[in-house]
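Notes follow the structure.
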Amino acid sequence: MREGLPTPAPDDALDEALPAEEGPIEAEIRLCEVPTDMHGWRIDRALARLIPEFSRSYLQQLMADGAVQLRGAAVIKQAARIAAGERLQVELRPTQQAMAFVPQAMALDVVFEDADLLVVNKPAGLVVHPAAGNWSGTLLNGLLAHHAGAASLPRAGIVHRLDKDTSGLMLVGKSRRAVEALVRAIAAREVNRQYLALAHGRWSGAAEQGVEQPIGRDNRNRLRMAVVLQDGTSGKPAQTTFTLLEGSDQACLVACKLHTGRTHQIRVHMAWLGHPLVGDTLYGGRVLWGMGRQALHATRLRLQHPTSGQSLDFQSTPPADFMDALVQSGLQYNLTPLG
């Protein structure tokens, strides 16, 4: 049993977690007799010595959940004292992290697949990686069910992320060699990632604008990111290029090219420009034209194949809610890709 697994910065919470296809993981019942040299110890300290493969905080959580029994009753108080010869019964329940990394069959919209590379079109509402608040029903769970090799890869081959409510194209490595090559290519900015964003307000200034402003956690709201000072602790470099495709007095349709990959980067930079995304209430946007999520879609990926070196170019039309919002806004989407 794994006590815990490393998790990256979380996506937005998944509203309804799906049950694991394989059913619950069985708990282990551990019986421990208190030795003479532990007489009078606090129970949490004794458990940490008696079951050393788990952390003290994990064992304390088990106590809080009623999973530790002494003299036939659950022990909640961590400071309770034990006596030599007493027997403890501990139900070693799997943590949420351990239960998260299980295969869950789901319908993946596969755009491309071979032995080394998978390109999927992620729907809005799907969380990419398990994290606090959504330990199942994620893309990672679907990848573990999609192909056997995913279990042996870091994060099941996921090399970049989309927010829960952002739709569009994602790259996934299917072999360790491919994963490592994709990570290098993204770090070297050799993967061209373009997005479409529908935002509030009339666009002003040049049709193409570059924003190079550092992004870090918003000190006033820890759920948000913000443009912050790049002082080595609060902000990391972030660069985005925005190109106006069409605009009106009410809204603008913008192509966004990522040069870096900070959390919520496009959403933060667009809000900083004074154009929060339609539906993006976290960053000042409003629910409008039926768009109840941020109007952001990963529409294009260009790269060299991670093992063959072949030039690849994938495109994805925005989903129905995005297109309906465009129609209601009076704007149009030209399918001709940008350079």
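To be explicit about the labels: the chains of the structure tokens are called A, B, and onward in the order shown, and within each one the residues are counted from 1, while ligands get numbers from 1 in the order they are shown.
The residues of region 138-260 of chain A that DSSP assigns to helix (DSSP H, G or I) on this backbone come out as A:Leu139, A:Leu140, A:Asn141, A:Gly142, A:Leu143, A:Leu144, A:Ala145, A:His146, A:Ala148, A:Gly149, A:Ala150, A:Ala151, A:Ser152, A:Pro154, A:Arg155, A:Ala156, A:Gly157, A:Arg176, A:Arg177, A:Ala178, A:Val179, A:Glu180, A:Ala181, A:Leu182, A:Val183, A:Arg184, A:Ala185, A:Ile186, A:Ala187.
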Atoms kept (C-alpha atoms) for selection, written as a short mmCIF file (atom, residue, chain, number, x, y, z; two decimals), in the first residue's frame:
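Writing the result to result-v4.cif gives the following:
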```
data_model
loop_
_atom_site.label_atom_id
_atom_site.label_comp_id
_atom_site.auth_asym_id
_atom_site.auth_seq_id
_atom_site.Cartn_x
_atom_site.Cartn_y
_atom_site.Cartn_z
CA LEU A 139 -7.64 12.07 -17.42
CA LEU A 140 -4.81 10.22 -15.65
CA ASN A 141 -7.30 7.54 -14.55
CA GLY A 142 -8.52 7.24 -18.13
CA LEU A 143 -4.98 6.92 -19.48
CA LEU A 144 -4.21 4.09 -17.03
CA ALA A 145 -7.18 2.22 -18.50
CA HIS A 146 -6.37 3.17 -22.10
CA ALA A 148 -1.01 -0.86 -20.13
CA GLY A 149 2.25 1.07 -20.41
CA ALA A 150 0.80 4.16 -18.72
CA ALA A 151 1.25 2.63 -15.28
CA SER A 152 5.04 2.63 -15.64
CA PRO A 154 5.48 9.43 -14.63
CA ARG A 155 1.94 10.84 -14.35
CA ALA A 156 0.80 8.19 -16.87
CA GLY A 157 2.64 10.12 -19.59
CA ARG A 176 9.50 6.80 -21.29
CA ARG A 177 11.66 7.91 -24.19
CA ALA A 178 8.75 9.92 -25.62
CA VAL A 179 7.85 11.47 -22.25
CA GLU A 180 11.41 12.65 -21.72
CA ALA A 181 11.63 14.06 -25.25
CA LEU A 182 8.32 15.90 -24.91
CA VAL A 183 9.33 17.42 -21.57
CA ARG A 184 12.58 18.65 -23.11
CA ALA A 185 10.79 20.06 -26.16
CA ILE A 186 8.26 21.96 -24.07
CA ALA A 187 11.00 23.36 -21.82
#
```
Inset, instruction - Write out as a ChimeraX atom specification which residues come within 7 Å of Arg202 (chain A) when counting only C-alpha atoms, dropping same-chain ones fewer than 4 positions away. - result: /A:247-252
Resulting file, chosen residues, N, CA and C atoms, as a PDB file, in the first residue's frame:
```pdb
ATOM      1  N   GLY A 247     -13.276  41.474 -33.368  1.00  0.00           N
ATOM      2  CA  GLY A 247     -13.721  42.159 -32.166  1.00  0.00           C
ATOM      3  C   GLY A 247     -14.949  43.003 -32.405  1.00  0.00           C
ATOM      4  N   SER A 248     -15.590  43.394 -31.315  1.00  0.00           N
ATOM      5  CA  SER A 248     -16.737  44.296 -31.330  1.00  0.00           C
ATOM      6  C   SER A 248     -16.636  45.180 -30.091  1.00  0.00           C
ATOM      7  N   ASP A 249     -17.656  45.983 -29.856  1.00  0.00           N
ATOM      8  CA  ASP A 249     -17.653  46.820 -28.656  1.00  0.00           C
ATOM      9  C   ASP A 249     -17.751  45.985 -27.392  1.00  0.00           C
ATOM     10  N   GLN A 250     -18.365  44.808 -27.493  1.00  0.00           N
ATOM     11  CA  GLN A 250     -18.605  43.993 -26.310  1.00  0.00           C
ATOM     12  C   GLN A 250     -17.537  42.950 -26.047  1.00  0.00           C
ATOM     13  N   ALA A 251     -16.926  42.433 -27.105  1.00  0.00           N
ATOM     14  CA  ALA A 251     -16.064  41.261 -26.918  1.00  0.00           C
ATOM     15  C   ALA A 251     -14.986  41.201 -27.979  1.00  0.00           C
ATOM     16  N   CYS A 252     -13.999  40.339 -27.720  1.00  0.00           N
ATOM     17  CA  CYS A 252     -12.934  40.103 -28.692  1.00  0.00           C
ATOM     18  C   CYS A 252     -12.579  38.621 -28.710  1.00  0.00           C
TER      19      CYS A 252
END
```
Legend entry - Straight-line distance linking CA of Pro214 (chain A) with CA of Leu196 (chain A), stated in Å to one decimal: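 One can read the CA of Pro214 (chain A) to CA of Leu196 (chain A) distance as 21.5 Å.
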For Tyr195 (chain A), work out the shell of residues within 10 Å, counting only C-alpha atoms and skipping chain neighbours fewer than 4 positions away, then give it as a PDB file with N, CA, C and O atoms, in the first residue's frame.
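Below is the file that was written, out.pdb:
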```
ATOM      1  N   THR A 166     -10.945  24.270 -19.159  1.00  0.00           N
ATOM      2  CA  THR A 166     -10.377  24.586 -20.468  1.00  0.00           C
ATOM      3  C   THR A 166     -10.450  23.336 -21.326  1.00  0.00           C
ATOM      4  O   THR A 166     -10.084  22.245 -20.891  1.00  0.00           O
ATOM      5  N   SER A 167     -10.927  23.489 -22.537  1.00  0.00           N
ATOM      6  CA  SER A 167     -11.034  22.361 -23.463  1.00  0.00           C
ATOM      7  C   SER A 167      -9.877  22.385 -24.451  1.00  0.00           C
ATOM      8  O   SER A 167      -9.163  23.372 -24.572  1.00  0.00           O
ATOM      9  N   GLY A 168      -9.689  21.252 -25.161  1.00  0.00           N
ATOM     10  CA  GLY A 168      -8.742  21.256 -26.263  1.00  0.00           C
ATOM     11  C   GLY A 168      -7.647  20.230 -26.224  1.00  0.00           C
ATOM     12  O   GLY A 168      -7.701  19.251 -25.471  1.00  0.00           O
ATOM     13  N   LEU A 169      -6.630  20.458 -27.034  1.00  0.00           N
ATOM     14  CA  LEU A 169      -5.605  19.469 -27.353  1.00  0.00           C
ATOM     15  C   LEU A 169      -4.568  19.328 -26.251  1.00  0.00           C
ATOM     16  O   LEU A 169      -4.075  20.317 -25.713  1.00  0.00           O
ATOM     17  N   PHE A 242      -0.612  37.576 -27.876  1.00  0.00           N
ATOM     18  CA  PHE A 242      -2.036  37.626 -28.194  1.00  0.00           C
ATOM     19  C   PHE A 242      -2.237  38.287 -29.557  1.00  0.00           C
ATOM     20  O   PHE A 242      -1.623  39.314 -29.856  1.00  0.00           O
ATOM     21  N   VAL A 254      -9.576  36.168 -29.493  1.00  0.00           N
ATOM     22  CA  VAL A 254      -8.124  36.345 -29.499  1.00  0.00           C
ATOM     23  C   VAL A 254      -7.431  34.998 -29.619  1.00  0.00           C
ATOM     24  O   VAL A 254      -7.833  34.014 -28.976  1.00  0.00           O
ATOM     25  N   ALA A 255      -6.415  34.939 -30.469  1.00  0.00           N
ATOM     26  CA  ALA A 255      -5.522  33.777 -30.523  1.00  0.00           C
ATOM     27  C   ALA A 255      -4.394  34.001 -29.523  1.00  0.00           C
ATOM     28  O   ALA A 255      -3.813  35.089 -29.465  1.00  0.00           O
ATOM     29  N   CYS A 256      -4.091  32.991 -28.748  1.00  0.00           N
ATOM     30  CA  CYS A 256      -3.094  33.104 -27.683  1.00  0.00           C
ATOM     31  C   CYS A 256      -1.999  32.068 -27.911  1.00  0.00           C
ATOM     32  O   CYS A 256      -2.293  30.881 -28.058  1.00  0.00           O
ATOM     33  N   LYS A 257      -0.768  32.517 -27.903  1.00  0.00           N
ATOM     34  CA  LYS A 257       0.372  31.610 -28.064  1.00  0.00           C
ATOM     35  C   LYS A 257       1.186  31.610 -26.782  1.00  0.00           C
ATOM     36  O   LYS A 257       1.689  32.643 -26.343  1.00  0.00           O
ATOM     37  N   LEU A 258       1.309  30.432 -26.187  1.00  0.00           N
ATOM     38  CA  LEU A 258       2.081  30.287 -24.957  1.00  0.00           C
ATOM     39  C   LEU A 258       3.561  30.129 -25.268  1.00  0.00           C
ATOM     40  O   LEU A 258       3.945  29.306 -26.103  1.00  0.00           O
ATOM     41  N   ILE A 266      -2.810  32.286 -19.440  1.00  0.00           N
ATOM     42  CA  ILE A 266      -3.593  33.078 -20.389  1.00  0.00           C
ATOM     43  C   ILE A 266      -4.670  33.867 -19.661  1.00  0.00           C
ATOM     44  O   ILE A 266      -4.896  35.051 -19.932  1.00  0.00           O
ATOM     45  N   LEU A 296     -12.039  29.359 -23.104  1.00  0.00           N
ATOM     46  CA  LEU A 296     -10.658  29.110 -23.513  1.00  0.00           C
ATOM     47  C   LEU A 296     -10.553  27.701 -24.076  1.00  0.00           C
ATOM     48  O   LEU A 296     -11.010  26.738 -23.457  1.00  0.00           O
ATOM     49  N   HIS A 297      -9.944  27.598 -25.263  1.00  0.00           N
ATOM     50  CA  HIS A 297      -9.844  26.307 -25.948  1.00  0.00           C
ATOM     51  C   HIS A 297      -8.454  26.158 -26.548  1.00  0.00           C
ATOM     52  O   HIS A 297      -7.969  27.050 -27.252  1.00  0.00           O
ATOM     53  N   ALA A 298      -7.778  25.037 -26.245  1.00  0.00           N
ATOM     54  CA  ALA A 298      -6.463  24.741 -26.831  1.00  0.00           C
ATOM     55  C   ALA A 298      -6.690  24.222 -28.240  1.00  0.00           C
ATOM     56  O   ALA A 298      -7.055  23.065 -28.444  1.00  0.00           O
ATOM     57  N   THR A 299      -6.475  25.082 -29.222  1.00  0.00           N
ATOM     58  CA  THR A 299      -6.936  24.804 -30.572  1.00  0.00           C
ATOM     59  C   THR A 299      -5.885  24.218 -31.505  1.00  0.00           C
ATOM     60  O   THR A 299      -6.212  23.606 -32.512  1.00  0.00           O
ATOM     61  N   ARG A 300      -4.583  24.392 -31.157  1.00  0.00           N
ATOM     62  CA  ARG A 300      -3.552  23.920 -32.092  1.00  0.00           C
ATOM     63  C   ARG A 300      -2.283  23.514 -31.367  1.00  0.00           C
ATOM     64  O   ARG A 300      -1.863  24.162 -30.404  1.00  0.00           O
ATOM     65  N   LEU A 301      -1.677  22.434 -31.843  1.00  0.00           N
ATOM     66  CA  LEU A 301      -0.375  21.963 -31.373  1.00  0.00           C
ATOM     67  C   LEU A 301       0.501  21.674 -32.576  1.00  0.00           C
ATOM     68  O   LEU A 301       0.099  20.953 -33.492  1.00  0.00           O
ATOM     69  N   SER A 316      -7.989  21.696 -33.508  1.00  0.00           N
ATOM     70  CA  SER A 316      -9.253  21.296 -32.904  1.00  0.00           C
ATOM     71  C   SER A 316     -10.210  22.476 -32.910  1.00  0.00           C
ATOM     72  O   SER A 316      -9.865  23.572 -32.452  1.00  0.00           O
ATOM     73  N   PRO A 318     -13.321  24.566 -31.489  1.00  0.00           N
ATOM     74  CA  PRO A 318     -13.892  24.686 -30.149  1.00  0.00           C
ATOM     75  C   PRO A 318     -15.201  23.923 -30.015  1.00  0.00           C
ATOM     76  O   PRO A 318     -15.924  23.728 -31.000  1.00  0.00           O
TER      77      PRO A 318
END
```
Inset, instruction - Please provide as a VMD selection string all residues within 9 Å of Glu212 (chain A), with the sequence filter that same-chain residues fewer than 4 positions apart are discarded (counting only C-alpha atoms). - result: chain A and resid 237 to 241 269
Residues as selected, N, CA and C atoms, written as a JSON list (two decimals), in the first residue's frame, can you do that?
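Okay, result-v9.json is ready:
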```
[["chain", "number", "residue", "atom", "x", "y", "z"],
["A", 237, "PRO", "N", 8.78, 33.92, -14.45],
["A", 237, "PRO", "CA", 8.62, 34.53, -15.78],
["A", 237, "PRO", "C", 7.48, 33.88, -16.56],
["A", 238, "ALA", "N", 6.71, 34.72, -17.24],
["A", 238, "ALA", "CA", 5.59, 34.22, -18.05],
["A", 238, "ALA", "C", 5.46, 35.10, -19.29],
["A", 239, "GLN", "N", 5.32, 34.45, -20.44],
["A", 239, "GLN", "CA", 5.25, 35.21, -21.69],
["A", 239, "GLN", "C", 4.16, 34.62, -22.58],
["A", 240, "THR", "N", 3.29, 35.50, -23.08],
["A", 240, "THR", "CA", 2.20, 35.11, -23.97],
["A", 240, "THR", "C", 2.11, 36.12, -25.11],
["A", 241, "THR", "N", 1.82, 35.64, -26.31],
["A", 241, "THR", "CA", 1.54, 36.52, -27.44],
["A", 241, "THR", "C", 0.06, 36.42, -27.78],
["A", 269, "HIS", "N", -2.95, 36.83, -17.80],
["A", 269, "HIS", "CA", -2.44, 37.87, -18.70],
["A", 269, "HIS", "C", -3.58, 38.61, -19.41]]
```
Inset, instruction - May I ask which of the residues A:Leu153, A:Leu92, A:Ala131, A:Ala64 is the closest one to Asp116 (chain A), counting only C-alpha atoms? - result: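 Comparing A:Leu153, A:Leu92, A:Ala131, A:Ala64 against Asp116 (chain A), the winner is A:Leu153.
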Legend entry - Pick from A:Gly72, A:Gly173, A:Gly284, A:Pro123, whichever lies nearest to Asp321 (chain A) using only C-alpha atoms: A:Pro123
Legend entry - Spatial neighbours of Asp313 (chain A), max dist 10 Å, only C-alpha atoms, sep filter under 3 positions, as a ChimeraX atom specification: /A:192,300-305,310
Those same residues - C-alpha atoms - I'd like them written as a short mmCIF file (atom, residue, chain, number, x, y, z; two decimals), in the first residue's frame.
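Saved file selection-v7.cif follows:
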```cif
data_model
loop_
_atom_site.label_atom_id
_atom_site.label_comp_id
_atom_site.auth_asym_id
_atom_site.auth_seq_id
_atom_site.Cartn_x
_atom_site.Cartn_y
_atom_site.Cartn_z
CA ASN A 192 3.88 25.54 -30.50
CA ARG A 300 -3.55 23.92 -32.09
CA LEU A 301 -0.37 21.96 -31.37
CA ARG A 302 2.69 21.92 -33.62
CA LEU A 303 5.75 19.85 -32.79
CA GLN A 304 8.21 17.27 -33.96
CA HIS A 305 7.32 13.70 -33.12
CA GLN A 310 8.30 13.95 -38.04
#
```
Inset, instruction - Take CA of Gln89 (chain A) and CA of Leu50 (chain A) and report the distance between them in Å, one decimal. - result: 11.5 Å
Inset, instruction - Find, counting only C-alpha atoms, the residue in A:Ala188, A:Leu326, A:Ala84, A:Leu244 that gets nearest to Val278 (chain A). - result: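 So, comparing all the options, the nearest one is A:Leu326.
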Inset, instruction - Rounded to one decimal place, report the CA of His264 (chain A)-CA of Val191 (chain A) distance in Å. - result: 18.3 Å
Inset, instruction - Identify which of the residues A:His200, A:Lys122, A:Arg56, A:His147 lies closest to Ser329 (chain A), counting only C-alpha atoms when measuring atom-to-atom distances. - result: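 Selected residue with least distance to Ser329 (chain A): A:His200.
For Gln78 (chain A), the set of protein, DNA and RNA residues having any atom at most 12 Å away, when counting only C-alpha atoms and skipping those fewer than 5 positions along the same chain, is Trp41, Arg42, Ile43, Asp44, Arg45, Ala46, Leu47, Ala48, Arg56, Ser57, Leu59, Gln60, Gln61, Leu62, Met63, Ala64, Asp65, Gly66 and Val68 of chain A.
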Inset, instruction - Would you please work out which residue, of A:Pro35, A:Pro103, A:Pro94, A:Gly290, is nearest to Ile82 (chain A) when using only C-alpha atoms? - result: A:Pro35
Legend entry - Nearest candidate to Ser234 (chain A) (options A:Gln96, A:Gly216, A:Val120, A:Glu246; using only C-alpha atoms): A:Gly216
Inset, instruction - Find the spatial neighbours of Gly285 (chain A), counting only C-alpha atoms, within a cut-off of 12 Å - ignore same-chain residues fewer than 6 positions away - and output them as a list in words. - result: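 Near neighbours after the sequence-gap exclusion: Leu198, Ala199, His200, Gly201, Ala251, Arg267, Val268, Met270, Ala271, Trp272, Gly274, His275, Pro276, Leu277, Val278, Gly279, Met291, Gly292, Arg293, Gln294 and Ala295 of chain A.
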Generate the output file for the selected residues, C-alpha atoms, as an mmCIF file, in the first residue's frame.
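Output contents, as saved in again_5.cif:
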```
data_model
loop_
_atom_site.group_PDB
_atom_site.id
_atom_site.type_symbol
_atom_site.label_atom_id
_atom_site.label_comp_id
_atom_site.auth_asym_id
_atom_site.auth_seq_id
_atom_site.Cartn_x
_atom_site.Cartn_y
_atom_site.Cartn_z
ATOM 1 C CA LEU A 198 -13.340 34.856 -26.057
ATOM 2 C CA ALA A 199 -12.936 37.879 -23.813
ATOM 3 C CA HIS A 200 -14.831 40.923 -22.622
ATOM 4 C CA GLY A 201 -14.366 44.409 -24.049
ATOM 5 C CA ALA A 251 -16.064 41.261 -26.918
ATOM 6 C CA ARG A 267 -6.398 33.885 -17.973
ATOM 7 C CA VAL A 268 -4.106 36.035 -15.812
ATOM 8 C CA MET A 270 -5.766 38.585 -20.423
ATOM 9 C CA ALA A 271 -7.223 39.951 -17.176
ATOM 10 C CA TRP A 272 -4.085 42.062 -16.733
ATOM 11 C CA GLY A 274 -8.222 44.437 -19.139
ATOM 12 C CA HIS A 275 -9.899 41.620 -21.068
ATOM 13 C CA PRO A 276 -11.007 38.888 -18.642
ATOM 14 C CA LEU A 277 -12.334 35.811 -20.399
ATOM 15 C CA VAL A 278 -16.068 35.393 -20.784
ATOM 16 C CA GLY A 279 -17.290 33.056 -18.027
ATOM 17 C CA MET A 291 -20.786 30.453 -21.273
ATOM 18 C CA GLY A 292 -20.496 29.335 -17.646
ATOM 19 C CA ARG A 293 -16.812 28.425 -17.799
ATOM 20 C CA GLN A 294 -13.763 30.320 -18.982
ATOM 21 C CA ALA A 295 -14.039 30.657 -22.769
#
```
